[in-house]
Amino acid sequence: MRPALLLAVATLPLAGCLFDDTPETLKISGKTMGTTYNLTVVDAPDGTTKDDLVDRVETVLADVNGKMSNWDPNSEVSLFNAALSTEAVTVSAPFAQVLSAANDIHQLSGGKFDVTLAPLIDLWGFGAKKPGDPIPSDAEIAQALQSVGQSTLLELDGTTLRKLQPEVSVNLSAIAKGYGVDQIAAALRAEGIDRYLVEIGGDLATGGLNAEDSPWSIGIERPDTASRTVEEIVLISDKGLATSGDYRNYFEQDGVRYSHIIDPTTGKPVIHQTASITVIADTAMMADAWATALLVVGSETAFDIAEQAGVAVLAIDRNNDQFVTRTSPAFDALVGTKD
């Protein structure tokens with residue numbers, strides 16, 4: 001589960017001001033992908049209504065979920081997972097596009113991002129199993145790792161996909177929300193809307209300027225389970241942004257804290273002190289996946305990987321009872337800041 005960003009969108013001028021030429025703002029929200037979506041549109045074409053936006057967004061989301069939802073047994077990814085075959089199959093172009101991006105991040109992150117992670121998620125109690133069972137043994141972890149590793153267990157050639165083991169499964173939850181955000185943004189632009197903020201479960205895309213003709217103001221949450229406060233506010237336009245954190249989904253057993261952030265290369269939850277990673281990228285899809293990958297890596301090496309990959313990073317680390325925030329030069333170059 002990814003912690004939702006707190007959206008601090010600039011307020012409009014006070015009502016009643018003379019000659020108020022503030023453009024009209026439309027806002028809608030709803031539920032999708034086990035979380036919520038929020039959409040803000042500024043200066044939409046004449047005649048555009050909230051109902052129009054709801055219809056357009058729901059159509060896009062139905063299409064994305066129909067291809068990539070692991071919760072829908074009839075989705076494209078679920079049917080692929082259920083087919084215990086190693087025969088090559090043809091997948092849709094969107095499915096192939098998202099998996100191709102996942103393959104790139106898998107390679108660039110040294111395998112720290114992996115869409116075949118489901119056996120480990122279930123083993124540690126963050127999937128079908130429930131926390132409270134005995135901590136997995138080294139033998140159980142080794143067994144689960146036999147079905148993890150997208151570079152060796154999946155073959156993607158254009159829109160042809162093949163499992164190399166029948167039981168291998170694909171879970172796109174760490175990249176599909178971002179893709180959904182991008183698809184909504186693309187649908188808005190096709191309707192002549194170029195000033196927007198689209199957010200699904202903390203993954204977002206911004207277009208143009210907000211109603212005050214300024215970059216969109218985005219609050220990044222402090223990774224603290226005791227409160228929901230803003231650690232930092234950044235100002236961005238025409239970029240995707242996502243945050244991944246380890247502090248909303250975890251369990252404690254025998255005095256040890258186990259995060260749902262699992263390292264696909266070790267089969268175990270991460271133990272470093274990085275509590276959250278925020279990434280800014282050209283698309284929400286890439287920001288979504290990179291935020292997960294770099295949180296697995298931890299801030300000690302995340303900045304080096306991010307520089308090579310051309311993404312901008314903000315990391316929040318635990319330091320005893322305090323949090324320490326670090327940003328990459330690329331992050332600082334892309335955003336404005338608000339104290």
# chains A, B, ... in the order shown; residues from 1 in each chain; ligands from 1
call {"tool": "residues_around", "arguments": {"residues": "A:Thr160", "least_positions_apart": "4", "cutoff": "7 Å", "atoms": "only C-alpha atoms", "output": "list in words"}}
result
Ala88, Val89, Thr90, Val91 and Leu156 of chain A
call {"tool": "residues_around", "arguments": {"residues": "A:Pro269", "least_positions_apart": "2", "cutoff": "10 Å", "atoms": "only C-alpha atoms", "output": "PyMOL selection string"}}
result
chain A and resi 120-121+124+246+250+257-264+266-267+271-272+296
call {"tool": "write_last_selection", "arguments": {"atoms": "all heavy atoms", "output": "short mmCIF file (atom, residue, chain, number, x, y, z; two decimals), in the first residue's frame"}}
result
data_model
loop_
_atom_site.label_atom_id
_atom_site.label_comp_id
_atom_site.auth_asym_id
_atom_site.auth_seq_id
_atom_site.Cartn_x
_atom_site.Cartn_y
_atom_site.Cartn_z
N LEU A 120 6.27 -14.06 -2.48
CA LEU A 120 6.89 -13.51 -1.28
C LEU A 120 5.91 -12.65 -0.49
O LEU A 120 5.91 -12.66 0.74
CB LEU A 120 8.13 -12.70 -1.64
CG LEU A 120 9.32 -13.51 -2.15
CD1 LEU A 120 10.39 -12.59 -2.73
CD2 LEU A 120 9.90 -14.38 -1.04
N ILE A 121 5.08 -11.90 -1.19
CA ILE A 121 4.06 -11.08 -0.52
C ILE A 121 3.14 -11.98 0.29
O ILE A 121 2.82 -11.70 1.46
CB ILE A 121 3.26 -10.25 -1.54
CG1 ILE A 121 4.17 -9.23 -2.22
CG2 ILE A 121 2.08 -9.55 -0.87
CD1 ILE A 121 3.51 -8.50 -3.37
N TRP A 124 4.94 -13.66 3.44
CA TRP A 124 5.17 -12.77 4.59
C TRP A 124 3.87 -12.25 5.20
O TRP A 124 3.89 -11.49 6.16
CB TRP A 124 6.07 -11.61 4.18
CG TRP A 124 7.51 -12.02 4.12
CD1 TRP A 124 8.21 -12.40 3.02
CD2 TRP A 124 8.41 -12.12 5.23
NE1 TRP A 124 9.50 -12.73 3.36
CE2 TRP A 124 9.65 -12.56 4.71
CE3 TRP A 124 8.30 -11.87 6.59
CZ2 TRP A 124 10.77 -12.77 5.53
CZ3 TRP A 124 9.41 -12.07 7.41
CH2 TRP A 124 10.62 -12.51 6.86
N ASP A 246 6.98 2.85 3.94
CA ASP A 246 6.92 1.57 4.64
C ASP A 246 6.12 1.63 5.92
O ASP A 246 6.12 0.69 6.70
CB ASP A 246 8.34 1.09 4.95
CG ASP A 246 9.02 1.91 6.04
OD1 ASP A 246 8.46 2.96 6.44
OD2 ASP A 246 10.11 1.51 6.49
N TYR A 250 2.53 -2.75 7.75
CA TYR A 250 3.60 -3.52 8.37
C TYR A 250 3.02 -4.30 9.56
O TYR A 250 1.87 -4.09 9.96
CB TYR A 250 4.74 -2.61 8.85
CG TYR A 250 4.36 -1.68 9.97
CD1 TYR A 250 4.57 -2.04 11.30
CD2 TYR A 250 3.78 -0.44 9.71
CE1 TYR A 250 4.22 -1.19 12.34
CE2 TYR A 250 3.42 0.41 10.74
CZ TYR A 250 3.64 0.03 12.05
OH TYR A 250 3.27 0.86 13.07
N ARG A 257 9.99 -5.32 13.64
CA ARG A 257 9.07 -4.66 12.71
C ARG A 257 9.32 -5.16 11.30
O ARG A 257 10.44 -5.09 10.79
CB ARG A 257 9.26 -3.14 12.77
CG ARG A 257 8.30 -2.32 11.92
CD ARG A 257 8.62 -0.85 12.12
NE ARG A 257 7.68 0.02 11.47
CZ ARG A 257 7.76 0.37 10.18
NH1 ARG A 257 8.74 -0.09 9.43
NH2 ARG A 257 6.88 1.19 9.64
N TYR A 258 8.25 -5.69 10.64
CA TYR A 258 8.36 -6.22 9.30
C TYR A 258 7.53 -5.37 8.34
O TYR A 258 6.30 -5.34 8.43
CB TYR A 258 7.88 -7.68 9.24
CG TYR A 258 8.74 -8.62 10.06
CD1 TYR A 258 8.40 -8.92 11.38
CD2 TYR A 258 9.88 -9.20 9.52
CE1 TYR A 258 9.16 -9.78 12.14
CE2 TYR A 258 10.66 -10.06 10.27
CZ TYR A 258 10.31 -10.34 11.58
OH TYR A 258 11.09 -11.20 12.32
N SER A 259 8.20 -4.67 7.45
CA SER A 259 7.53 -3.82 6.47
C SER A 259 7.03 -4.65 5.30
O SER A 259 7.56 -5.72 4.99
CB SER A 259 8.52 -2.76 5.96
OG SER A 259 8.06 -2.18 4.75
N HIS A 260 5.99 -4.13 4.61
CA HIS A 260 5.50 -4.81 3.41
C HIS A 260 6.42 -4.59 2.21
O HIS A 260 6.20 -5.17 1.15
CB HIS A 260 4.09 -4.33 3.08
CG HIS A 260 4.04 -3.00 2.39
ND1 HIS A 260 4.47 -1.83 2.98
CD2 HIS A 260 3.63 -2.64 1.15
CE1 HIS A 260 4.31 -0.83 2.14
NE2 HIS A 260 3.81 -1.28 1.03
N ILE A 261 7.44 -3.75 2.38
CA ILE A 261 8.40 -3.53 1.30
C ILE A 261 9.40 -4.68 1.31
O ILE A 261 10.25 -4.77 2.19
CB ILE A 261 9.12 -2.17 1.45
CG1 ILE A 261 8.09 -1.04 1.49
CG2 ILE A 261 10.11 -1.96 0.33
CD1 ILE A 261 7.27 -0.91 0.24
N ILE A 262 9.27 -5.58 0.35
CA ILE A 262 10.08 -6.79 0.31
C ILE A 262 11.11 -6.69 -0.79
O ILE A 262 10.81 -6.28 -1.92
CB ILE A 262 9.19 -8.03 0.10
CG1 ILE A 262 8.22 -8.17 1.29
CG2 ILE A 262 10.02 -9.30 -0.07
CD1 ILE A 262 7.19 -9.26 1.11
N ASP A 263 12.32 -7.07 -0.48
CA ASP A 263 13.42 -7.08 -1.45
C ASP A 263 13.33 -8.36 -2.27
O ASP A 263 13.50 -9.46 -1.72
CB ASP A 263 14.76 -7.01 -0.70
CG ASP A 263 15.95 -6.86 -1.63
OD1 ASP A 263 15.86 -7.28 -2.80
OD2 ASP A 263 16.98 -6.33 -1.18
N PRO A 264 13.07 -8.25 -3.58
CA PRO A 264 12.94 -9.47 -4.40
C PRO A 264 14.23 -10.27 -4.51
O PRO A 264 14.18 -11.45 -4.89
CB PRO A 264 12.53 -8.92 -5.78
CG PRO A 264 12.10 -7.52 -5.55
CD PRO A 264 12.88 -7.03 -4.37
N THR A 266 16.42 -10.80 -1.95
CA THR A 266 16.68 -11.53 -0.71
C THR A 266 15.46 -12.31 -0.24
O THR A 266 15.60 -13.26 0.55
CB THR A 266 17.10 -10.58 0.42
OG1 THR A 266 15.99 -9.72 0.76
CG2 THR A 266 18.29 -9.73 -0.01
N GLY A 267 14.29 -11.89 -0.68
CA GLY A 267 13.07 -12.53 -0.24
C GLY A 267 12.59 -12.07 1.12
O GLY A 267 11.65 -12.63 1.68
N ILE A 271 15.38 -3.68 5.70
CA ILE A 271 15.71 -3.34 7.08
C ILE A 271 16.43 -2.00 7.20
O ILE A 271 16.87 -1.64 8.28
CB ILE A 271 16.57 -4.45 7.72
CG1 ILE A 271 17.86 -4.66 6.92
CG2 ILE A 271 15.79 -5.74 7.85
CD1 ILE A 271 18.84 -5.61 7.57
N HIS A 272 16.57 -1.26 6.10
CA HIS A 272 17.25 0.02 6.17
C HIS A 272 16.35 1.08 6.81
O HIS A 272 15.19 0.81 7.15
CB HIS A 272 17.70 0.47 4.78
CG HIS A 272 16.59 0.51 3.76
ND1 HIS A 272 15.50 1.34 3.87
CD2 HIS A 272 16.41 -0.18 2.61
CE1 HIS A 272 14.70 1.17 2.84
NE2 HIS A 272 15.22 0.24 2.06
N VAL A 296 12.90 0.10 -1.98
CA VAL A 296 13.52 -1.19 -1.71
C VAL A 296 15.03 -1.02 -1.58
O VAL A 296 15.67 -1.57 -0.68
CB VAL A 296 13.19 -2.21 -2.82
CG1 VAL A 296 13.96 -3.51 -2.60
CG2 VAL A 296 11.70 -2.49 -2.88
#
call {"tool": "closest_residue", "arguments": {"among": "A:Pro329, A:Pro94, A:Gly245, A:Pro73", "to": "A:Ala176", "atoms": "only C-alpha atoms"}}
result
A:Pro94
call {"tool": "residues_around", "arguments": {"residues": "A:Val64", "least_positions_apart": "6", "cutoff": "10 Å", "atoms": "only C-alpha atoms", "output": "NGL selection string"}}
result
:A and (33 or 58 or 75-76 or 94-95 or 176-177 or 179-181 or 183-184)
call {"tool": "select_by_dssp", "arguments": {"residues": "stretch 9-163 of chain A", "states": "alpha helix (DSSP H)", "output": "PyMOL selection string"}}
result
chain A and resi 50-68+76-82+93-108+118-123+138-145+150-153
call {"tool": "closest_residue", "arguments": {"among": "A:Ala333, A:Phe126, A:Leu197, A:Val60", "to": "A:Ile28", "atoms": "only C-alpha atoms"}}
result
A:Leu197
call {"tool": "select_by_dssp", "arguments": {"residues": "stretch 174-337 of chain A", "states": "strand (DSSP E)", "output": "ChimeraX atom specification"}}
result
/A:196-200,203-207,216-221,230-236,240-245,250-253,256-259,262-263,268-269,274-281,312-319,322-327,336-337
